[in-house]
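One structure is given below, encoded as structure tokens.
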Amino acid sequence: MGLNADEKARILAERARVLARPPKEGDTIEGSLRVVEFMVAHERYAIELAHVREVYRLKELTPLPGVPDFLLGIVNVRGQILSIVDIGRFFELPAKGLTNLSQVIILQSGDMEFGIVADEILGTRSISQDDIQPSLPILTGIRAAYLKGVTGDRLVILDGSKILSDEKLVVQ
């Protein structure tokens, strides 16, 4: 005894409505991090949503002469000029290059605001604090300084507050 087409459509519509609803303030599990997950140089990274203002498709990048190579340039986001950092170059990862799929994750904390380039946005998710390990031996050097932890499935969680407060990323 199967469901007819109308019943299937009703059930699927209800499921879609539930899944599409934005999370409420109390929906996050105590002891978990809400993160945006993204790819940089074929590696998976995440950063807490508390530090993310928005995700923006990279377009009309204006390069700046005489700046460090990790600073790709500036973009105009609805009238606001933001610096764009290639976090892969900053972490000394092999360069993949910009594509039309490149996204900018705009980070914000107090007066500091800039974008980091991601090769691809994988989505958002909650990660239990218990699933976060301090580090992996392969993460050394500059990446280790900005590391919040690593999950069992090798998702590298970056410390947004360290990135936003680091003077190495401020170009005078």
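We name chains A, B, ... following the order of the structure tokens; residues begin at 1 in each chain, and ligands are numbered from 1 as shown.
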
Quick one: everything within 10 Å of Asp130 (chain A), counting only C-alpha atoms, minus sequence neighbours fewer than 5 positions away in the same chain. Send it as a PDB file with C-alpha atoms, in the first residue's frame.
```
ATOM      1  CA  GLY A  31      28.625  23.406  23.557  1.00  0.00           C
ATOM      2  CA  SER A  32      28.712  23.607  19.776  1.00  0.00           C
ATOM      3  CA  THR A 151      37.624  17.731  13.685  1.00  0.00           C
TER       4      THR A 151
END
```

Report the closest atom pair, with its distance in Å rounded to one decimal, for each residue of region 28-70 of chain A that has an atom no farther than 8 Å from region 110-120 of chain A; count only C-alpha atoms, sort by chain and then rising residue number, and write it as a Markdown table.
```
| residue | atom | partner | partner_atom | distance |
| --- | --- | --- | --- | --- |
| A:Phe38 | CA | A:Glu120 | CA | 5.6 |
| A:Met39 | CA | A:Glu120 | CA | 5.2 |
| A:Val40 | CA | A:Asp119 | CA | 5.3 |
| A:Ala41 | CA | A:Asp119 | CA | 7.3 |
| A:Leu58 | CA | A:Val117 | CA | 7.9 |
```

**Report entry** Using only C-alpha atoms: which of A:Asn76, A:Ser83, A:Gln108, A:Thr62 has the shortest distance to Ser165 (chain A)
**Finding:**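 Smallest separation from Ser165 (chain A) among the options: A:Gln108.
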
Requested in this report: Apply DSSP to the structure's backbone, then extract all residues of region 13-140 of chain A labelled helix (DSSP H, G or I) and return them as a PyMOL selection string.
Outcome: chain A and resi 13-20+25-27+49-51+87-90+129-131

Report task. Between CA of Ile84 (chain A) and CA of Arg154 (chain A), measure the distance and give it in Å to one decimal. Result ->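 About the pair CA of Ile84 (chain A) and CA of Arg154 (chain A): they are 25.9 Å apart.
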
Requested in this report: Please identify all polymer residues within 8 Å of Glu48 (chain A), counting only C-alpha atoms, omitting same-chain residues fewer than 5 positions from it, and present them as an MDAnalysis selection string.
Outcome: chainID A and resid 33:36 157:160

Report task. Just give me the gap between CA of Phe90 (chain A) and CA of Tyr146 (chain A) in Å, one decimal is fine. Result ->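 Separation of CA of Phe90 (chain A) and CA of Tyr146 (chain A): 11.0 Å.
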
Requested in this report: Go through A:Ile11, A:Ile47, A:Leu64, A:Val55 one by one, measure the shortest atom-to-atom distance of each to Leu147 (chain A) using only C-alpha atoms, and give the residue with the smallest value.
Outcome: A:Ile47
